[in-house]
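Heads up: the structure comes next, in structure tokens.
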Amino acid sequence: MILALAGNQNSGKTTLFNRLTGANQHVGNFPGVTVERKSGIVRGYKGVTAVDLPGVYSLRPYSPEEKAARDFILNAAPDAIINIVDATNIERNLYLTLQLIELGKPMVIALNMMDAVRGNGGRIAAKRLSEELGVTVVPISAAKREGLDQLMAAAVSAAAGKRLPKRLDFCGGACLRCIHSIAGTVESRAAIANIPSRFAAARLAEGDGPMEKALALNAGELGAVSRAAALMEHETGLDRSAALADMRYSFIEEICARTVKKPVYSKGQERSIRADRLLTHKILALPVFFIIMFFVFFMTFAVIGVPLSNLLGGGISALALGIDRALADFGLNPALRSLLTDGVFSGVGTVLGFLPVVLTLFFFLSVMEDSGYMARVAFVTDKLLRGIGLSGRSFVPMLIGFGCTVPAVMAARTIPTERERKMAILLTPFMSCSAKLPIYAVFTAAFFRQNRAAVMILLYIFGMAAGLLCGAALNKFTPRENLSPFMIELPGYRMPSVKSVLMLMRDKAWDFIRRACTVILLASVVIWFLGSFNYQFVMVEDSAFSLLGTLGRFIAPLFAPLGFGEWRAATALITGFAAKEAVVSTLAVLTGNAVSALPDALGGIFTPPAALGFLVFTLLYTPCIAAVAAMRRELGSAVSAARVVLLQCVIAWAAAFIVYRIAMMFFV
Amino acid sequence: MTLDLLPIGASARVTTVGGEGAVRFRLLDMGITPGVTVMVRKTAPMGDPIELHLRGYELSIRLEDAKNILVDML
């Protein structure tokens, strides 16, 4: 038995899902879109699977999320729908309910957050509401685990008894006549397309192009539909989409007047309004936001994440060293030993070292998201990003990019629309990540001793400017149709649930570890192979003579126009793909220096303009393999991820070329 | 007048929801329908978007979309 959980964003859907399924969750994607799909077995109900549909406000097919929710209900045919309704915001939540009812599937309503309604001195007559809607209504509080057994009992019995909603007509008059007339016209078409005719008729009445196509209406039927709609428009004095929205909301207002009693402002709302006096204050909102982000970065990169990463990294190295010794004592083939220690352990170990950083960032992010603050961030930063087709929703993921591209790309999940999510993912690599800092440090120490800080700051600004330009170009050349508008609910502030936060962190950790053990393992082994063998497949001691060194020599001429057509620089750039820190360590190895002595040695390889070109190139070229793997996952396609890599390299080359040529004029 | 011109703290009744395509559908879905009362609670630090109070909840929309909504100030 499959139960689909449907509801608005911020209705407590995820909390309910977590309560119902506990730890038995499976995360995947809906077919064809990168909309996350979670499913899990309901605790105590063997054979009952709950599927968490994306949080939507309507069933129009205009965003991937809405389409995924609607297609799942229509095509996957769940045995029943559990519609979660936020009782503290019941009017707007019931709007989706009415559309779900039209789908004509067994359904129950979970009236969530009833504890808050009671706390405000409000009351909702659930039984009466149930009669008015023709659907069983179960008052619950997912956070307090109230009413969950009753909810499951009602859902299972509705599904088993195939009990359909008792009522489909929510008004009399013009709209109803129009819907009925259209339903009559398209009935046979709807049956062929396997879409409930009543749902199809309501969508057609308000003007739904994709539905006309899905039903394959002929000219005569289309004419009948538009005549019925025109009559309704004439009778109501509203255009067809406004007329239908008005019909639904008028019905909701009527039944709420009969069943709901609550204060104008709930206690939670009053608290939120007070908190927002500071958090969305006209002048203080942005400074407060930056202080909060500074705190998050400080905790992640100075207090918790990075020290833990170092500890973990140290642990992994120690383990690798121990195993290496044991293998040496055992007398294992040196090539195999090197594969295990230099390839597998150092490669996967380096990436796994990121794990504490990722988890710490996600801890703060999910607290920001679940508390309701993230919606405020979108509200206060929206205007900053609008010029490049992004909204305030993208601000935080991009900001995280300055720390590490991996969690930044993963954080783009919080962006509700697919187009914007993809754009944000493409632009995060332009935010110079913290792993590039060692490169900047060594090069500025070598070439720009007087202006180190200035050069570094310029690099960061240069990266952002390149991102801005690239974003503006992308915005111009990617299709805008189906663009979801920026309209976000500012939900009341809530205490984040410890369990939800922990479960999210666990999901992210698994996701990350799985990737480290698959894609990254493979890539590490390839890089190890290239660095350890020559073209005769004989293992070499000095990596200068390895395939990697050969490859470096081979591609070095590519960089000649940028001033550093030198094999050691090229090789360092290749290893930088594994991890950005490796650029510095490779240069140190290839020049035969310790990293501390490297600045003095670099003068032999680079001229100052070439060094500048090299810095710009490392700033902009392909993100590291961990980041590319994250992109592949979040973009849902290896081709897209490869395209990002290629695009970044081309942009980096062009930018480095320009910078190098300009710098030449000054240094000559 | 249009909704973007409504002063902070003022309430108004929506008369017409203009605009087109997905933006208009979303406005209607979020409850901005003819006849509903909305209050402008505040504007974001850069003057845009604005925060509205309607149907018992808070909604943020951009000024360019608010321009398409005709209202009668109460």
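Each chain of the structure tokens is named A, B, ... in the order shown, its residues numbered from 1; ligands are numbered from 1 in display order.
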8 Å contacts from chain A to chain B using only C-alpha atoms, as an MDAnalysis selection string
chainID A and resid 57:58 62 89 91:92 95 241:242 245:246 249 264:265 280:283 285:286 379:380 382:383 482:491
Residue with the minimum atom-to-atom distance to Tyr535 (chain A), picked from A:Thr550, A:Ser585, A:Thr88, A:Thr97 with only C-alpha atoms counted, is A:Thr550
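Taking CA of Ala516 (chain A) as the reference point, CA of Tyr460 (chain A) is found at 28.3 Å.
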I'd like the neighbourhood of Gly44 (chain A) as a list in words, where a residue qualifies if any of its atoms comes within 10 Å (using only C-alpha atoms), though same-chain residues fewer than 5 positions away should be ignored. Leu20, Thr21, Asp149 and Met152 of chain A
Those same residues, written as an mmCIF file, in the first residue's frame with N, CA and C atoms?
data_model
loop_
_atom_site.group_PDB
_atom_site.id
_atom_site.type_symbol
_atom_site.label_atom_id
_atom_site.label_comp_id
_atom_site.auth_asym_id
_atom_site.auth_seq_id
_atom_site.Cartn_x
_atom_site.Cartn_y
_atom_site.Cartn_z
ATOM 1 N N LEU A 20 6.499 9.351 10.808
ATOM 2 C CA LEU A 20 5.836 8.134 10.350
ATOM 3 C C LEU A 20 6.846 7.046 9.991
ATOM 4 N N THR A 21 7.938 7.442 9.348
ATOM 5 C CA THR A 21 8.826 6.420 8.805
ATOM 6 C C THR A 21 10.057 6.157 9.662
ATOM 7 N N ASP A 149 -1.514 7.901 15.339
ATOM 8 C CA ASP A 149 -2.144 6.586 15.185
ATOM 9 C C ASP A 149 -3.501 6.705 14.515
ATOM 10 N N MET A 152 -3.017 7.374 10.800
ATOM 11 C CA MET A 152 -2.646 6.195 10.025
ATOM 12 C C MET A 152 -3.838 5.254 9.878
#
So which residues touch Pro7 (chain B) within 10 Å, counting only C-alpha atoms, skipping near sequence neighbours fewer than 2 positions away, as a CSV table (one decimal) with N, CA and C atoms, in the first residue's frame?
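To be explicit, this is the file written out as result05.csv:
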chain,number,residue,atom,x,y,z
B,3,LEU,N,-0.8,48.0,-6.0
B,3,LEU,CA,-0.3,47.5,-4.7
B,3,LEU,C,1.1,48.0,-4.4
B,4,ASP,N,1.9,48.2,-5.4
B,4,ASP,CA,3.3,48.6,-5.1
B,4,ASP,C,3.3,50.0,-4.4
B,5,LEU,N,2.2,50.8,-4.7
B,5,LEU,CA,2.2,52.2,-4.2
B,5,LEU,C,1.6,52.3,-2.8
B,9,GLY,N,2.0,49.6,6.3
B,9,GLY,CA,1.1,49.6,7.3
B,9,GLY,C,-0.4,49.8,6.9
B,10,ALA,N,-0.5,50.2,5.6
B,10,ALA,CA,-1.9,50.4,5.1
B,10,ALA,C,-2.5,49.1,4.6
B,11,SER,N,-3.8,49.0,4.6
B,11,SER,CA,-4.5,47.9,4.1
B,11,SER,C,-5.3,48.3,2.9
B,39,MET,N,-2.5,43.7,3.6
B,39,MET,CA,-1.8,44.7,4.4
B,39,MET,C,-0.3,44.7,4.0
B,40,VAL,N,0.3,45.9,3.8
B,40,VAL,CA,1.7,45.9,3.5
B,40,VAL,C,2.4,46.0,4.8
B,41,ARG,N,3.2,45.0,5.2
B,41,ARG,CA,3.8,45.0,6.5
B,41,ARG,C,5.2,45.8,6.5
B,42,LYS,N,6.0,45.5,5.5
B,42,LYS,CA,7.3,46.2,5.4
B,42,LYS,C,7.9,46.0,4.0
B,43,THR,N,9.0,46.7,3.8
B,43,THR,CA,9.7,46.5,2.5
B,43,THR,C,11.1,45.9,3.0
B,73,MET,N,-7.6,51.4,-1.5
B,73,MET,CA,-7.1,51.5,-0.1
B,73,MET,C,-8.3,51.6,0.8
Might you pull out every residue within 12 Å of Leu521 (chain A), with only C-alpha atoms counted and same-chain residues fewer than 5 positions away left off, and present them as a ChimeraX atom specification?
/A:339-340,342-352,513-516,526-528,578,625-626,629
Go ahead and save the picked residues with C-alpha atoms, as a PDB file, in the first residue's frame.
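What ended up in again.pdb:
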ATOM      1  CA  LEU A 339      47.923   1.773  -5.090  1.00  0.00           C
ATOM      2  CA  LEU A 340      46.396   1.194  -1.680  1.00  0.00           C
ATOM      3  CA  ASP A 342      49.031   6.589  -2.314  1.00  0.00           C
ATOM      4  CA  GLY A 343      45.954   6.023  -4.465  1.00  0.00           C
ATOM      5  CA  VAL A 344      43.043   4.805  -2.407  1.00  0.00           C
ATOM      6  CA  PHE A 345      43.899   6.051   1.062  1.00  0.00           C
ATOM      7  CA  SER A 346      45.351   9.428   0.200  1.00  0.00           C
ATOM      8  CA  GLY A 347      42.700  10.174  -2.456  1.00  0.00           C
ATOM      9  CA  VAL A 348      39.596   9.042  -0.625  1.00  0.00           C
ATOM     10  CA  GLY A 349      41.107  10.129   2.677  1.00  0.00           C
ATOM     11  CA  THR A 350      41.608  13.688   1.442  1.00  0.00           C
ATOM     12  CA  VAL A 351      37.999  13.921   0.317  1.00  0.00           C
ATOM     13  CA  LEU A 352      36.586  12.216   3.406  1.00  0.00           C
ATOM     14  CA  ILE A 513      30.588   8.921   1.929  1.00  0.00           C
ATOM     15  CA  ARG A 514      28.931   7.022  -0.886  1.00  0.00           C
ATOM     16  CA  ARG A 515      30.373   9.447  -3.383  1.00  0.00           C
ATOM     17  CA  ALA A 516      33.836   9.314  -1.804  1.00  0.00           C
ATOM     18  CA  VAL A 526      43.290   6.956 -12.172  1.00  0.00           C
ATOM     19  CA  ILE A 527      45.349   9.898 -10.965  1.00  0.00           C
ATOM     20  CA  TRP A 528      47.552   7.587  -8.911  1.00  0.00           C
ATOM     21  CA  ALA A 578      42.034  16.008  -7.351  1.00  0.00           C
ATOM     22  CA  ILE A 625      36.766  16.272  -8.257  1.00  0.00           C
ATOM     23  CA  ALA A 626      34.694  16.213  -5.053  1.00  0.00           C
ATOM     24  CA  ALA A 629      30.940  14.736  -8.238  1.00  0.00           C
TER      25      ALA A 629
END
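Distance-wise, CA of Phe17 (chain A) and CA of Ile101 (chain A) end up 20.9 Å apart.
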- [ ] Quick one: everything within 8 Å of Thr381 (chain A), counting only C-alpha atoms, minus sequence neighbours fewer than 5 positions away in the same chain. Send it as a list of chain:residue names.
- [x] A:Leu286, A:Ser391, A:Gly392, A:Phe395
Just list the residues in region 111-275 of chain A DSSP gives alpha helix (DSSP H) on the backbone, as a VMD selection string. chain A and resid 114 to 119 126 to 133 148 to 160 173 to 193 197 to 205 209 to 215 219 to 236 240 to 259 267 to 275
Write out as a compact mmCIF listing (two decimals) with N, CA, C and O atoms, in the first residue's frame which residues come within 9 Å of Lys144 (chain A) when counting only C-alpha atoms, dropping same-chain ones fewer than 3 positions away.
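Saved file out-v3.txt follows:
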# COMPACT_ATOMS: atom_id res chain seq x y z
N MET A 113 -0.43 20.86 13.50
CA MET A 113 -0.16 21.99 14.39
C MET A 113 -1.39 22.40 15.20
O MET A 113 -1.59 23.57 15.51
N ASP A 115 -1.79 21.74 18.20
CA ASP A 115 -1.32 22.19 19.51
C ASP A 115 -1.16 23.71 19.52
O ASP A 115 -1.54 24.38 20.47
N ILE A 140 -3.90 16.58 14.23
CA ILE A 140 -2.65 16.01 14.72
C ILE A 140 -1.68 17.12 15.13
O ILE A 140 -1.92 18.31 14.88
N SER A 141 -0.61 16.72 15.80
CA SER A 141 0.54 17.59 15.93
C SER A 141 1.75 16.70 15.68
O SER A 141 2.11 15.88 16.51
Please give the complete set of residues from region 95-142 of chain A that DSSP, run on the backbone, assigns to strand (DSSP E or B), formatted as JSON, numbers by chain. {"A": [107, 108, 109, 110, 111, 112, 123, 124, 136, 137, 138, 139, 141]}
Output file for the residues above (N, CA, C and O atoms, as an mmCIF file, in the first residue's frame):
data_model
loop_
_atom_site.group_PDB
_atom_site.id
_atom_site.type_symbol
_atom_site.label_atom_id
_atom_site.label_comp_id
_atom_site.auth_asym_id
_atom_site.auth_seq_id
_atom_site.Cartn_x
_atom_site.Cartn_y
_atom_site.Cartn_z
ATOM 1 N N MET A 107 -8.562 9.746 0.208
ATOM 2 C CA MET A 107 -7.775 10.834 0.795
ATOM 3 C C MET A 107 -8.180 11.075 2.245
ATOM 4 O O MET A 107 -9.336 10.895 2.612
ATOM 5 N N VAL A 108 -7.195 11.458 3.069
ATOM 6 C CA VAL A 108 -7.503 11.956 4.411
ATOM 7 C C VAL A 108 -6.720 13.251 4.616
ATOM 8 O O VAL A 108 -5.696 13.475 3.976
ATOM 9 N N ILE A 109 -7.249 14.095 5.498
ATOM 10 C CA ILE A 109 -6.575 15.355 5.788
ATOM 11 C C ILE A 109 -5.972 15.272 7.182
ATOM 12 O O ILE A 109 -6.651 14.930 8.146
ATOM 13 N N ALA A 110 -4.663 15.566 7.271
ATOM 14 C CA ALA A 110 -4.000 15.646 8.569
ATOM 15 C C ALA A 110 -3.943 17.119 8.943
ATOM 16 O O ALA A 110 -3.206 17.894 8.340
ATOM 17 N N LEU A 111 -4.760 17.492 9.890
ATOM 18 C CA LEU A 111 -4.820 18.893 10.310
ATOM 19 C C LEU A 111 -3.709 19.116 11.336
ATOM 20 O O LEU A 111 -3.875 18.870 12.520
ATOM 21 N N ASN A 112 -2.550 19.580 10.833
ATOM 22 C CA ASN A 112 -1.340 19.625 11.645
ATOM 23 C C ASN A 112 -1.260 20.902 12.502
ATOM 24 O O ASN A 112 -1.934 21.885 12.208
ATOM 25 N N ARG A 123 -9.946 27.266 17.931
ATOM 26 C CA ARG A 123 -10.624 25.985 17.876
ATOM 27 C C ARG A 123 -10.942 25.677 16.422
ATOM 28 O O ARG A 123 -11.292 26.576 15.651
ATOM 29 N N ILE A 124 -10.818 24.437 16.022
ATOM 30 C CA ILE A 124 -11.258 24.039 14.696
ATOM 31 C C ILE A 124 -12.149 22.831 14.850
ATOM 32 O O ILE A 124 -11.747 21.828 15.448
ATOM 33 N N THR A 136 -12.217 12.682 5.449
ATOM 34 C CA THR A 136 -11.913 12.538 6.872
ATOM 35 C C THR A 136 -10.816 13.519 7.282
ATOM 36 O O THR A 136 -9.794 13.624 6.606
ATOM 37 N N VAL A 137 -11.070 14.235 8.380
ATOM 38 C CA VAL A 137 -10.074 15.180 8.887
ATOM 39 C C VAL A 137 -9.591 14.687 10.248
ATOM 40 O O VAL A 137 -10.403 14.437 11.135
ATOM 41 N N VAL A 138 -8.278 14.504 10.394
ATOM 42 C CA VAL A 138 -7.724 14.040 11.667
ATOM 43 C C VAL A 138 -6.824 15.126 12.251
ATOM 44 O O VAL A 138 -5.819 15.486 11.639
ATOM 45 N N PRO A 139 -7.196 15.683 13.408
ATOM 46 C CA PRO A 139 -6.330 16.696 14.021
ATOM 47 C C PRO A 139 -5.063 16.030 14.556
ATOM 48 O O PRO A 139 -5.156 15.010 15.223
ATOM 49 N N SER A 141 -0.609 16.719 15.797
ATOM 50 C CA SER A 141 0.537 17.586 15.934
ATOM 51 C C SER A 141 1.750 16.700 15.678
ATOM 52 O O SER A 141 2.113 15.877 16.509
#
